[in-house]
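J.: run14.cif is reproduced below (mmCIF, C-alpha atoms).
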```cif
data_work
loop_
_atom_site.label_atom_id
_atom_site.label_comp_id
_atom_site.auth_asym_id
_atom_site.auth_seq_id
_atom_site.Cartn_x
_atom_site.Cartn_y
_atom_site.Cartn_z
CA MET W 1 -5.71 3.22 -29.97
CA THR W 2 -9.25 4.58 -29.76
CA ASN W 3 -10.24 2.97 -26.45
CA VAL W 4 -9.65 4.79 -23.16
CA GLY W 5 -6.35 3.80 -21.54
CA ILE W 6 -5.92 2.65 -17.93
CA VAL W 7 -3.14 3.60 -15.50
CA ILE W 8 -2.70 1.81 -12.18
CA VAL W 9 -0.78 3.67 -9.45
CA SER W 10 0.03 1.81 -6.25
CA HIS W 11 2.54 2.37 -3.44
CA SER W 12 3.73 -1.14 -4.22
CA ALA W 13 5.24 -2.14 -7.56
CA LYS W 14 3.95 -5.68 -6.95
CA VAL W 15 0.38 -4.55 -6.34
CA ALA W 16 0.49 -2.38 -9.47
CA GLU W 17 1.92 -5.18 -11.58
CA GLY W 18 -0.55 -7.73 -10.24
CA ALA W 19 -3.53 -5.47 -10.82
CA ALA W 20 -2.33 -4.80 -14.39
CA ASP W 21 -2.02 -8.57 -14.97
CA MET W 22 -5.64 -9.02 -13.88
CA VAL W 23 -6.77 -6.25 -16.21
CA ARG W 24 -4.92 -7.75 -19.18
CA GLN W 25 -6.49 -11.12 -18.50
CA MET W 26 -9.91 -9.47 -18.88
CA VAL W 27 -9.31 -7.21 -21.87
CA GLY W 28 -6.21 -8.53 -23.64
CA ASN W 29 -4.69 -5.93 -25.92
CA SER W 30 -7.90 -4.01 -26.61
CA VAL W 31 -7.03 -1.44 -23.95
CA ARG W 32 -3.66 0.11 -23.19
CA VAL W 33 -2.77 -0.56 -19.57
CA ALA W 34 0.21 0.95 -17.75
CA HIS W 35 1.18 0.51 -14.13
CA THR W 36 3.60 2.08 -11.71
CA GLY W 37 4.43 1.51 -8.07
CA GLY W 38 7.16 2.47 -5.64
CA ASN W 39 9.16 5.64 -5.10
CA SER W 40 12.19 6.76 -7.08
CA GLU W 41 14.45 4.55 -4.94
CA GLY W 42 12.39 1.41 -5.37
CA GLY W 43 10.81 1.55 -1.90
CA LEU W 44 7.10 1.79 -1.16
CA GLY W 45 5.63 5.06 -2.40
CA THR W 46 4.72 6.78 -5.64
CA ASP W 47 6.76 8.77 -8.12
CA VAL W 48 5.33 11.69 -10.10
CA ALA W 49 7.77 11.23 -13.00
CA ALA W 50 6.89 7.54 -13.23
CA ILE W 51 3.16 8.34 -13.15
CA MET W 52 3.63 10.82 -16.00
CA ALA W 53 5.50 8.14 -17.97
CA ALA W 54 2.71 5.63 -17.31
CA ILE W 55 0.09 8.09 -18.58
CA ASP W 56 2.18 8.54 -21.70
CA HIS W 57 2.46 4.78 -22.13
CA ALA W 58 -1.30 4.22 -21.80
CA TRP W 59 -2.16 7.31 -23.84
CA SER W 60 -5.22 7.28 -26.06
CA ASP W 61 -6.91 10.24 -27.71
CA ALA W 62 -10.05 9.04 -25.91
CA GLY W 63 -8.26 9.75 -22.62
CA VAL W 64 -6.79 7.88 -19.67
CA ALA W 65 -8.43 6.73 -16.43
CA ILE W 66 -6.19 6.41 -13.35
CA LEU W 67 -6.80 4.04 -10.44
CA VAL W 68 -4.87 4.63 -7.20
CA ASP W 69 -4.54 3.02 -3.78
CA LEU W 70 -3.72 5.23 -0.75
CA GLY W 71 -3.49 9.01 -0.21
CA GLY W 72 -0.04 9.74 -1.61
CA ALA W 73 -0.86 7.88 -4.82
CA GLU W 74 -3.86 10.13 -5.27
CA THR W 75 -2.01 13.37 -4.49
CA ASN W 76 0.97 12.43 -6.66
CA SER W 77 -1.33 11.42 -9.54
CA GLU W 78 -3.14 14.77 -9.34
CA MET W 79 0.24 16.49 -9.41
CA ALA W 80 1.28 14.42 -12.45
CA ILE W 81 -1.93 15.33 -14.30
CA GLU W 82 -1.30 19.03 -13.62
CA MET W 83 2.21 18.75 -14.98
CA LEU W 84 1.02 17.26 -18.29
CA GLY W 85 0.70 19.54 -21.29
CA ALA W 86 -2.51 21.55 -21.60
CA ASP W 87 -3.54 19.40 -24.59
CA ARG W 88 -3.62 16.22 -22.47
CA ARG W 89 -4.50 17.40 -18.97
CA ASP W 90 -8.26 17.55 -19.58
CA ARG W 91 -8.38 14.01 -20.91
CA VAL W 92 -7.00 12.29 -17.81
CA VAL W 93 -9.30 11.47 -14.89
CA MET W 94 -8.89 9.81 -11.51
CA CYS W 95 -11.44 7.20 -10.50
CA ASN W 96 -12.62 7.07 -6.89
CA ALA W 97 -12.72 3.29 -6.75
CA PRO W 98 -10.87 0.32 -5.22
CA ILE W 99 -7.66 -0.09 -7.21
CA VAL W 100 -7.94 -3.71 -8.37
CA GLU W 101 -11.69 -3.99 -8.88
CA GLY W 102 -11.85 -0.46 -10.28
CA ALA W 103 -9.10 -1.13 -12.82
CA VAL W 104 -10.75 -4.33 -14.04
CA ILE W 105 -14.20 -2.73 -14.36
CA ALA W 106 -12.85 0.44 -15.96
CA ALA W 107 -10.83 -1.55 -18.49
CA THR W 108 -13.79 -3.77 -19.31
CA GLU W 109 -15.93 -0.68 -19.90
CA ALA W 110 -13.15 0.88 -21.98
CA SER W 111 -12.77 -2.27 -24.10
CA GLY W 112 -16.33 -1.75 -25.37
CA GLY W 113 -15.37 1.68 -26.68
CA SER W 114 -17.07 3.72 -23.94
CA PRO W 115 -16.01 7.35 -23.54
CA LEU W 116 -13.92 8.49 -20.58
CA ASP W 117 -16.82 9.68 -18.40
CA LEU W 118 -18.57 6.31 -18.67
CA VAL W 119 -15.35 4.44 -17.89
CA LYS W 120 -14.91 6.56 -14.77
CA ARG W 121 -18.52 6.09 -13.75
CA ALA W 122 -18.34 2.32 -14.18
CA ALA W 123 -15.38 2.14 -11.81
CA GLU W 124 -16.90 4.53 -9.30
CA GLU W 125 -20.13 2.55 -9.06
CA LEU W 126 -18.03 0.18 -6.94
CA SER W 127 -17.52 2.83 -4.27
CA PRO W 128 -20.35 3.16 -1.77
CA GLU W 129 -19.84 6.93 -1.37
CA ALA W 130 -19.62 7.63 -5.11
CA MET Q 131 17.38 38.70 -2.88
CA ASP Q 132 21.04 38.68 -1.95
CA GLN Q 133 22.57 35.42 -3.23
CA ALA Q 134 24.51 34.67 -0.05
CA LEU Q 135 21.39 35.09 2.07
CA GLN Q 136 19.36 32.98 -0.33
CA LYS Q 137 21.99 30.25 -0.12
CA ARG Q 138 21.99 30.36 3.70
CA LEU Q 139 18.19 30.09 3.76
CA ILE Q 140 18.10 27.11 1.41
CA GLU Q 141 20.94 25.40 3.29
CA ALA Q 142 19.33 26.03 6.66
CA VAL Q 143 15.95 24.60 5.63
CA ALA Q 144 17.43 21.59 3.83
CA SER Q 145 20.00 20.72 6.47
CA THR Q 146 17.48 21.08 9.31
CA VAL Q 147 15.05 18.70 7.61
CA ILE Q 148 17.86 16.23 6.83
CA ALA Q 149 19.19 16.41 10.41
CA HIS Q 150 15.73 15.64 11.83
CA ALA Q 151 14.91 12.82 9.43
CA GLU Q 152 15.00 10.16 12.12
CA GLU Q 153 12.76 12.16 14.46
CA LEU Q 154 10.25 12.72 11.64
CA THR Q 155 10.28 9.04 10.78
CA ASN Q 156 9.68 8.13 14.41
CA LEU Q 157 6.72 10.51 14.61
CA ASP Q 158 5.35 9.08 11.38
CA SER Q 159 5.86 5.51 12.59
CA ALA Q 160 3.57 6.29 15.52
CA ILE Q 161 0.64 7.46 13.43
CA GLY Q 162 1.40 6.97 9.73
CA ASP Q 163 3.41 4.76 7.43
CA GLY Q 164 6.80 5.71 8.83
CA ASP Q 165 8.29 7.18 5.69
CA HIS Q 166 8.06 10.93 6.29
CA GLY Q 167 11.64 11.43 7.51
CA LEU Q 168 13.23 9.33 4.80
CA ASN Q 169 11.08 10.87 2.07
CA MET Q 170 11.80 14.43 3.20
CA LYS Q 171 15.50 13.62 3.52
CA ARG Q 172 15.55 12.30 -0.06
CA GLY Q 173 13.87 15.46 -1.36
CA PHE Q 174 16.02 17.93 0.56
CA THR Q 175 19.23 16.03 -0.19
CA GLU Q 176 18.41 16.72 -3.83
CA VAL Q 177 17.91 20.40 -2.95
CA MET Q 178 21.20 20.50 -1.04
CA ALA Q 179 23.08 18.92 -3.97
CA ASP Q 180 22.10 21.89 -6.14
CA VAL Q 181 22.33 24.62 -3.51
CA ASP Q 182 24.76 26.82 -5.50
CA GLY Q 183 22.64 26.59 -8.63
CA LEU Q 184 19.52 27.40 -6.62
CA ALA Q 185 21.19 30.33 -4.84
CA ALA Q 186 22.19 31.84 -8.20
CA LYS Q 187 18.60 31.92 -9.52
CA PRO Q 188 16.20 34.80 -8.86
CA LEU Q 189 14.17 33.95 -5.72
CA PRO Q 190 10.91 33.02 -7.52
CA ASP Q 191 12.78 30.69 -9.91
CA ALA Q 192 14.71 29.11 -7.03
CA LEU Q 193 11.49 28.43 -5.10
CA ARG Q 194 9.86 26.88 -8.16
CA ALA Q 195 12.93 24.71 -8.78
CA ILE Q 196 12.86 23.54 -5.15
CA GLY Q 197 9.15 22.74 -5.46
CA THR Q 198 9.74 20.65 -8.58
CA LYS Q 199 12.59 18.74 -6.92
CA LEU Q 200 10.39 17.97 -3.90
CA VAL Q 201 7.50 16.82 -6.10
CA MET Q 202 9.77 14.56 -8.12
CA LYS Q 203 11.89 13.15 -5.29
CA ILE Q 204 9.92 12.85 -2.06
CA GLY Q 205 7.59 10.15 -3.33
CA GLY Q 206 5.06 10.24 -0.48
CA ALA Q 207 2.07 12.52 0.00
CA SER Q 208 4.46 15.16 1.35
CA GLY Q 209 6.06 15.55 -2.09
CA PRO Q 210 3.08 17.16 -3.79
CA LEU Q 211 2.10 19.01 -0.60
CA TYR Q 212 5.47 20.65 0.11
CA GLY Q 213 6.05 20.84 -3.64
CA THR Q 214 2.84 22.84 -4.03
CA LEU Q 215 3.86 25.11 -1.14
CA PHE Q 216 7.20 26.00 -2.76
CA LEU Q 217 5.86 26.13 -6.33
CA THR Q 218 3.12 28.54 -5.24
CA LEU Q 219 5.53 30.70 -3.23
CA GLY Q 220 7.68 30.88 -6.37
CA LYS Q 221 4.71 32.02 -8.40
CA GLU Q 222 3.51 34.59 -5.85
CA LEU Q 223 6.60 36.08 -4.14
CA ALA Q 224 8.16 39.25 -5.41
CA ASP Q 225 11.96 39.50 -5.43
CA PRO Q 226 12.99 40.84 -2.98
CA PRO Q 227 9.80 40.36 -0.95
CA THR Q 228 8.52 42.88 1.57
CA PRO Q 229 6.87 41.49 4.73
CA SER Q 230 3.41 42.24 3.33
CA ASP Q 231 4.28 40.51 0.00
CA ALA Q 232 5.50 37.53 1.98
CA ALA Q 233 2.30 37.33 4.04
CA ARG Q 234 0.12 37.51 0.94
CA ALA Q 235 2.20 34.96 -1.02
CA PHE Q 236 2.33 32.61 1.97
CA GLY Q 237 -1.44 32.89 2.27
CA VAL Q 238 -1.92 31.88 -1.36
CA ALA Q 239 0.56 29.01 -0.88
CA VAL Q 240 -1.23 27.72 2.23
CA ALA Q 241 -4.54 27.82 0.33
CA ALA Q 242 -2.91 25.84 -2.49
CA VAL Q 243 -1.73 23.18 -0.01
CA MET Q 244 -5.27 23.01 1.41
CA ALA Q 245 -6.66 22.43 -2.09
CA ARG Q 246 -3.98 19.85 -2.96
CA GLY Q 247 -4.56 17.90 0.27
CA LYS Q 248 -8.33 18.49 0.30
CA SER Q 249 -7.78 19.45 3.91
CA GLU Q 250 -8.07 22.37 6.26
CA PRO Q 251 -6.60 23.36 9.63
CA GLY Q 252 -7.82 21.26 12.56
CA GLN Q 253 -7.26 17.89 10.89
CA LYS Q 254 -3.80 17.17 12.39
CA THR Q 255 -1.68 18.04 9.39
CA MET Q 256 1.07 20.45 8.32
CA LEU Q 257 -1.71 23.01 7.79
CA ASP Q 258 -2.10 23.27 11.56
CA VAL Q 259 1.33 24.93 11.60
CA LEU Q 260 1.31 26.69 8.25
CA ALA Q 261 -2.06 28.43 8.64
CA PRO Q 262 -1.51 29.99 12.12
CA THR Q 263 2.04 31.00 11.18
CA GLN Q 264 0.70 32.72 8.08
CA ALA Q 265 -1.85 34.53 10.25
CA GLU Q 266 0.95 35.69 12.56
CA LEU Q 267 2.96 36.90 9.56
CA ALA Q 268 -0.05 38.75 8.18
CA ALA Q 269 -0.56 40.46 11.55
CA GLY Q 270 2.93 41.97 11.25
CA GLY Q 271 4.25 44.21 14.03
CA ASP Q 272 7.21 44.09 16.37
CA ASP Q 273 9.44 41.15 17.08
CA LEU Q 274 7.88 39.27 14.19
CA LEU Q 275 10.55 36.57 13.73
CA ALA Q 276 10.43 35.51 17.38
CA ARG Q 277 6.62 35.52 17.30
CA LEU Q 278 6.58 33.40 14.13
CA LYS Q 279 8.86 30.84 15.78
CA SER Q 280 6.84 30.58 18.94
CA ARG Q 281 3.53 30.47 17.02
CA ALA Q 282 4.87 27.62 14.85
CA ALA Q 283 6.12 25.73 17.91
CA ALA Q 284 2.86 26.16 19.83
CA SER Q 285 0.83 25.20 16.76
CA ALA Q 286 2.84 22.02 16.23
CA ALA Q 287 2.41 21.11 19.91
CA ALA Q 288 -1.32 21.69 19.53
CA THR Q 289 -1.52 18.82 17.01
CA VAL Q 290 -0.64 16.29 19.76
CA PRO Q 291 -4.17 15.99 21.20
CA MET Q 292 -5.84 16.25 17.77
CA ARG Q 293 -7.44 13.33 16.05
CA ALA Q 294 -6.31 12.85 12.44
CA ILE Q 295 -8.98 13.25 9.79
CA ARG Q 296 -6.80 13.34 6.66
CA GLY Q 297 -3.95 11.14 5.50
CA ARG Q 298 -2.84 7.71 6.58
CA ALA Q 299 -3.05 8.68 10.27
CA SER Q 300 -6.83 9.00 9.88
CA PHE Q 301 -7.01 5.18 9.58
CA LEU Q 302 -5.99 5.03 13.23
CA GLY Q 303 -8.92 7.16 14.43
CA GLU Q 304 -8.65 7.68 18.19
CA ARG Q 305 -5.20 6.09 18.23
CA SER Q 306 -3.81 9.07 16.30
CA ILE Q 307 -4.35 11.15 19.45
CA GLY Q 308 -1.29 11.73 21.65
CA HIS Q 309 1.41 12.15 18.99
CA MET Q 310 2.61 15.27 17.19
CA ASP Q 311 1.77 15.21 13.51
CA PRO Q 312 5.01 14.62 11.54
CA GLY Q 313 4.00 17.12 8.84
CA ALA Q 314 3.34 19.74 11.52
CA ARG Q 315 6.80 19.03 12.93
CA SER Q 316 8.53 19.34 9.55
CA SER Q 317 6.71 22.61 8.82
CA TRP Q 318 7.72 23.96 12.23
CA LEU Q 319 11.36 22.96 11.57
CA MET Q 320 11.42 24.81 8.24
CA ILE Q 321 9.79 27.96 9.64
CA GLU Q 322 12.23 27.98 12.56
CA ALA Q 323 15.19 27.55 10.20
CA VAL Q 324 14.08 30.46 8.02
CA CYS Q 325 13.46 32.74 11.02
CA ASP Q 326 16.85 31.87 12.55
CA VAL Q 327 18.68 32.84 9.36
CA LEU Q 328 16.67 36.05 8.87
CA GLY Q 329 17.22 36.98 12.51
CA ASP Q 330 21.02 36.63 12.29
#
```
Mind turning the file's structure into structure tokens?
T.:
Amino acid sequence: MTNVGIVIVSHSAKVAEGAADMVRQMVGNSVRVAHTGGNSEGGLGTDVAAIMAAIDHAWSDAGVAILVDLGGAETNSEMAIEMLGADRRDRVVMCNAPIVEGAVIAATEASGGSPLDLVKRAAEELSPEA
Amino acid sequence: MDQALQKRLIEAVASTVIAHAEELTNLDSAIGDGDHGLNMKRGFTEVMADVDGLAAKPLPDALRAIGTKLVMKIGGASGPLYGTLFLTLGKELADPPTPSDAARAFGVAVAAVMARGKSEPGQKTMLDVLAPTQAELAAGGDDLLARLKSRAAASAAATVPMRAIRGRASFLGERSIGHMDPGARSSWLMIEAVCDVLGD
């Protein structure tokens, strides 16, 4: 896969799954999309190991853009990125954008073959402070 | 470090956190998402399950292993924050540590938690206990363990009138005032547990 991949990280498995469904409806199979939600016991929360697995699943040599919901999802995603190998770490970015809208816009941008920085920027244009 | 002492320290920290899980959850229910106690209990139960293995490792390796377990198991924002604290202590502490080593390593670890949480003291977080306790440790001098305990306790109490600026509690704005920060409480508990064992 040469298009940037998308990872969706929510506290809720249902939110993550639903957001991924919306992304796939927009871009079909042209972009790898992975999602994860919930802690290691299946409750609300996020799981570093599961985030690392999702990055692996969505992996593209063009990189991976991550969309998150609340604080812990962001902190755990940053931790997951740091724990990746040095060869991958620099090609994974977090987008400061609303999780659902950001994922759809980022994936749409990625489906046109845009590089990682443009995918991130497209998603972040949704955030007033970005 | 002496293996028996290392085991007592790990057990004391883990069992104290586990024993206070309900209190931490109640504090977090007041101003956050109510999962701090349960999340911390899950992480430290994992630590407790491997206490003999952890006690047998050199101190830096044990601290790093604890950090990794917390990152992988806690699942909330506290996982990467406490995970970063322990991982950094593991990277920075000499074995066995002198008091001045400990103060320096703890300082680096607190700075790492600040960077991870994009936060600083004064925002009603665990840093409001960790940072002043580190300052007390760095000051050194007589009766240090007792001073560390009372500084941690007073610092945790000082989070009650603060307004949260970071984390889920910040969504509440003014309504976050009047409750102790659960992360401050868990940090205080751990510091107290360590000081009690070292003072024995």
J.: Please find the residues of chain W near chain Q - the criterion being any atom within 8 Å, counting only C-alpha atoms - and write them as a list of chain:residue names.
T.: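 Only these qualify: W:Asn39, W:Ser40, W:Gly45, W:Thr46, W:Asp47, W:Val48, W:Ala49, W:Leu70, W:Gly71, W:Gly72, W:Ala73, W:Thr75, W:Asn76, W:Met79.
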J.: How many Å separate CA of Ala110 in chain W from CA of Leu67 in chain W?
T.: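 It comes out at 13.5 Å.
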J.: If we count all atoms listed in the file and set the cut-off at 9 Å, which residues sit around Gly252 in chain Q, ignoring sequence neighbours fewer than 3 positions away in its own chain? Please answer as a list in words.
T.: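 So the residues in contact are Ser249, Thr255, Leu257, Asp258, Thr289, Met292, Arg293, Ala294 and Ile295 of chain Q.
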J.: What do you get, as a PyMOL selection string, if you spell out every residue that the PyMOL selection byres ((chain Q and resi 282) around 12) selects here?
T.: chain Q and resi 256-267+275-281+283-289+314-325
J.: Return as a compact mmCIF listing (two decimals) with C-alpha atoms, keeping the file's coordinate frame the set of residues that the PyMOL selection byres ((chain Q and resi 162) around 9) yields on the displayed structure.
T.:
```txt
# COMPACT_ATOMS: atom_id res chain seq x y z
CA LEU Q 157 6.72 10.51 14.61
CA ASP Q 158 5.35 9.08 11.38
CA SER Q 159 5.86 5.51 12.59
CA ALA Q 160 3.57 6.29 15.52
CA ILE Q 161 0.64 7.46 13.43
CA ASP Q 163 3.41 4.76 7.43
CA GLY Q 164 6.80 5.71 8.83
CA ASP Q 165 8.29 7.18 5.69
CA HIS Q 166 8.06 10.93 6.29
CA GLY Q 297 -3.95 11.14 5.50
CA ARG Q 298 -2.84 7.71 6.58
CA ALA Q 299 -3.05 8.68 10.27
CA SER Q 300 -6.83 9.00 9.88
CA PHE Q 301 -7.01 5.18 9.58
CA LEU Q 302 -5.99 5.03 13.23
CA SER Q 306 -3.81 9.07 16.30
CA PRO Q 312 5.01 14.62 11.54
```
J.: Using all atoms listed in the file, determine which residues lie at most 9 Å from range 4-10 of chain W, disregarding the query and same-chain residues fewer than 6 positions distant; provide the list as a PDB file with C-alpha atoms, in the coordinates of the input.
T.:
```pdb
ATOM      1  CA  ALA W  16       0.490  -2.380  -9.470  1.00  0.00           C
ATOM      2  CA  GLU W  17       1.920  -5.180 -11.580  1.00  0.00           C
ATOM      3  CA  ALA W  19      -3.530  -5.470 -10.820  1.00  0.00           C
ATOM      4  CA  ALA W  20      -2.330  -4.800 -14.390  1.00  0.00           C
ATOM      5  CA  VAL W  31      -7.030  -1.440 -23.950  1.00  0.00           C
ATOM      6  CA  ARG W  32      -3.660   0.110 -23.190  1.00  0.00           C
ATOM      7  CA  VAL W  33      -2.770  -0.560 -19.570  1.00  0.00           C
ATOM      8  CA  ALA W  34       0.210   0.950 -17.750  1.00  0.00           C
ATOM      9  CA  HIS W  35       1.180   0.510 -14.130  1.00  0.00           C
ATOM     10  CA  THR W  36       3.600   2.080 -11.710  1.00  0.00           C
ATOM     11  CA  GLY W  37       4.430   1.510  -8.070  1.00  0.00           C
ATOM     12  CA  GLY W  38       7.160   2.470  -5.640  1.00  0.00           C
ATOM     13  CA  LEU W  44       7.100   1.790  -1.160  1.00  0.00           C
ATOM     14  CA  GLY W  45       5.630   5.060  -2.400  1.00  0.00           C
ATOM     15  CA  THR W  46       4.720   6.780  -5.640  1.00  0.00           C
ATOM     16  CA  ILE W  51       3.160   8.340 -13.150  1.00  0.00           C
ATOM     17  CA  ALA W  54       2.710   5.630 -17.310  1.00  0.00           C
ATOM     18  CA  ILE W  55       0.090   8.090 -18.580  1.00  0.00           C
ATOM     19  CA  HIS W  57       2.460   4.780 -22.130  1.00  0.00           C
ATOM     20  CA  ALA W  58      -1.300   4.220 -21.800  1.00  0.00           C
ATOM     21  CA  TRP W  59      -2.160   7.310 -23.840  1.00  0.00           C
ATOM     22  CA  SER W  60      -5.220   7.280 -26.060  1.00  0.00           C
ATOM     23  CA  ASP W  61      -6.910  10.240 -27.710  1.00  0.00           C
ATOM     24  CA  ALA W  62     -10.050   9.040 -25.910  1.00  0.00           C
ATOM     25  CA  GLY W  63      -8.260   9.750 -22.620  1.00  0.00           C
ATOM     26  CA  VAL W  64      -6.790   7.880 -19.670  1.00  0.00           C
ATOM     27  CA  ALA W  65      -8.430   6.730 -16.430  1.00  0.00           C
ATOM     28  CA  ILE W  66      -6.190   6.410 -13.350  1.00  0.00           C
ATOM     29  CA  LEU W  67      -6.800   4.040 -10.440  1.00  0.00           C
ATOM     30  CA  VAL W  68      -4.870   4.630  -7.200  1.00  0.00           C
ATOM     31  CA  ASP W  69      -4.540   3.020  -3.780  1.00  0.00           C
ATOM     32  CA  LEU W  70      -3.720   5.230  -0.750  1.00  0.00           C
ATOM     33  CA  ALA W  73      -0.860   7.880  -4.820  1.00  0.00           C
ATOM     34  CA  GLU W  74      -3.860  10.130  -5.270  1.00  0.00           C
ATOM     35  CA  SER W  77      -1.330  11.420  -9.540  1.00  0.00           C
ATOM     36  CA  ILE W  99      -7.660  -0.090  -7.210  1.00  0.00           C
ATOM     37  CA  VAL W 100      -7.940  -3.710  -8.370  1.00  0.00           C
ATOM     38  CA  ALA W 103      -9.100  -1.130 -12.820  1.00  0.00           C
ATOM     39  CA  ALA W 106     -12.850   0.440 -15.960  1.00  0.00           C
ATOM     40  CA  ALA W 107     -10.830  -1.550 -18.490  1.00  0.00           C
ATOM     41  CA  GLU W 109     -15.930  -0.680 -19.900  1.00  0.00           C
ATOM     42  CA  ALA W 110     -13.150   0.880 -21.980  1.00  0.00           C
ATOM     43  CA  SER W 111     -12.770  -2.270 -24.100  1.00  0.00           C
ATOM     44  CA  GLY W 113     -15.370   1.680 -26.680  1.00  0.00           C
ATOM     45  CA  SER W 114     -17.070   3.720 -23.940  1.00  0.00           C
ATOM     46  CA  PRO W 115     -16.010   7.350 -23.540  1.00  0.00           C
ATOM     47  CA  LEU W 116     -13.920   8.490 -20.580  1.00  0.00           C
ATOM     48  CA  VAL W 119     -15.350   4.440 -17.890  1.00  0.00           C
TER      49      VAL W 119
END
```
J.: If you apply the PyMOL selection byres ((chain W and resi 125) around 10) to this file, what residues do you get, as a PyMOL selection string?
T.: chain W and resi 95-97+102+105+120-124+126-130
J.: List the neighbours of range 189-195 of chain Q out to 9 Å using all atoms listed in the file; skip same-chain residues closer than 6 positions along the sequence, and give me the result as a list in words.
T.: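 The residues that qualify are Met131, Gln133, Gln136, Val177, Gly183, Gly213, Phe216, Leu217, Thr218, Leu219, Gly220, Lys221, Glu222, Leu223, Ala224, Asp225 and Pro226 of chain Q.
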J.: Could those residues be written to a file, using C-alpha atoms, as a CSV table (one decimal), in the frame of the given file?
T.:
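Final output, saved to result00.csv:
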```csv
chain,number,residue,atom,x,y,z
Q,131,MET,CA,17.4,38.7,-2.9
Q,133,GLN,CA,22.6,35.4,-3.2
Q,136,GLN,CA,19.4,33.0,-0.3
Q,177,VAL,CA,17.9,20.4,-3.0
Q,183,GLY,CA,22.6,26.6,-8.6
Q,213,GLY,CA,6.0,20.8,-3.6
Q,216,PHE,CA,7.2,26.0,-2.8
Q,217,LEU,CA,5.9,26.1,-6.3
Q,218,THR,CA,3.1,28.5,-5.2
Q,219,LEU,CA,5.5,30.7,-3.2
Q,220,GLY,CA,7.7,30.9,-6.4
Q,221,LYS,CA,4.7,32.0,-8.4
Q,222,GLU,CA,3.5,34.6,-5.8
Q,223,LEU,CA,6.6,36.1,-4.1
Q,224,ALA,CA,8.2,39.2,-5.4
Q,225,ASP,CA,12.0,39.5,-5.4
Q,226,PRO,CA,13.0,40.8,-3.0
```
J.: Let me make sure I understand: among Q:Asn156, Q:Ser230, Q:Ser145, Q:Thr175, which one has the smallest atom-to-atom distance to His309 in chain Q if we use all atoms listed in the file?
T.: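 Closest candidate: Q:Asn156.
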J.: For Ile81 in chain W, which of W:Met1, W:Leu118, W:Val23, W:Ala50 is the closest residue, counting only C-alpha atoms?
T.: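 Of W:Met1, W:Leu118, W:Val23, W:Ala50, the one nearest Ile81 in chain W is W:Ala50, counting only C-alpha atoms.
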J.: Separation of CA of Val15 in chain W and CA of Gly43 in chain W, in Å?
T.: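 Interatomic distance, CA of Val15 in chain W to CA of Gly43 in chain W: 12.9 Å.
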J.: Pull N, CA and C atoms for range 92-104 of chain W from the block and write them as a PDB file, in the first residue's frame.
T.:
```
ATOM      1  N   VAL W  92       4.852   8.076  11.855  1.00  0.00           N
ATOM      2  CA  VAL W  92       3.523   8.013  12.462  1.00  0.00           C
ATOM      3  C   VAL W  92       3.243   9.369  13.106  1.00  0.00           C
ATOM      4  N   VAL W  93       2.111   9.965  12.764  1.00  0.00           N
ATOM      5  CA  VAL W  93       1.776  11.272  13.346  1.00  0.00           C
ATOM      6  C   VAL W  93       0.399  11.215  13.995  1.00  0.00           C
ATOM      7  N   MET W  94       0.192  12.114  14.976  1.00  0.00           N
ATOM      8  CA  MET W  94      -1.121  12.272  15.578  1.00  0.00           C
ATOM      9  C   MET W  94      -1.732  13.542  14.993  1.00  0.00           C
ATOM     10  N   CYS W  95      -3.029  13.467  14.693  1.00  0.00           N
ATOM     11  CA  CYS W  95      -3.719  14.634  14.143  1.00  0.00           C
ATOM     12  C   CYS W  95      -4.545  15.287  15.239  1.00  0.00           C
ATOM     13  N   ASN W  96      -4.381  16.578  15.411  1.00  0.00           N
ATOM     14  CA  ASN W  96      -5.187  17.327  16.372  1.00  0.00           C
ATOM     15  C   ASN W  96      -6.494  17.709  15.689  1.00  0.00           C
ATOM     16  N   ALA W  97      -7.445  16.775  15.713  1.00  0.00           N
ATOM     17  CA  ALA W  97      -8.695  16.978  14.982  1.00  0.00           C
ATOM     18  C   ALA W  97      -9.794  16.151  15.637  1.00  0.00           C
ATOM     19  N   PRO W  98     -11.050  16.510  15.430  1.00  0.00           N
ATOM     20  CA  PRO W  98     -12.150  15.685  15.935  1.00  0.00           C
ATOM     21  C   PRO W  98     -12.048  14.279  15.338  1.00  0.00           C
ATOM     22  N   ILE W  99     -12.314  13.258  16.161  1.00  0.00           N
ATOM     23  CA  ILE W  99     -11.975  11.896  15.751  1.00  0.00           C
ATOM     24  C   ILE W  99     -12.731  11.440  14.494  1.00  0.00           C
ATOM     25  N   VAL W 100     -14.029  11.650  14.446  1.00  0.00           N
ATOM     26  CA  VAL W 100     -14.801  11.121  13.308  1.00  0.00           C
ATOM     27  C   VAL W 100     -14.543  11.945  12.050  1.00  0.00           C
ATOM     28  N   GLU W 101     -14.758  13.257  12.167  1.00  0.00           N
ATOM     29  CA  GLU W 101     -14.566  14.122  11.000  1.00  0.00           C
ATOM     30  C   GLU W 101     -13.109  14.083  10.533  1.00  0.00           C
ATOM     31  N   GLY W 102     -12.193  14.091  11.506  1.00  0.00           N
ATOM     32  CA  GLY W 102     -10.774  14.078  11.179  1.00  0.00           C
ATOM     33  C   GLY W 102     -10.382  12.807  10.438  1.00  0.00           C
ATOM     34  N   ALA W 103     -10.919  11.674  10.876  1.00  0.00           N
ATOM     35  CA  ALA W 103     -10.579  10.397  10.234  1.00  0.00           C
ATOM     36  C   ALA W 103     -11.095  10.373   8.802  1.00  0.00           C
ATOM     37  N   VAL W 104     -12.304  10.856   8.602  1.00  0.00           N
ATOM     38  CA  VAL W 104     -12.891  10.848   7.252  1.00  0.00           C
ATOM     39  C   VAL W 104     -12.096  11.772   6.327  1.00  0.00           C
TER      40      VAL W 104
END
```
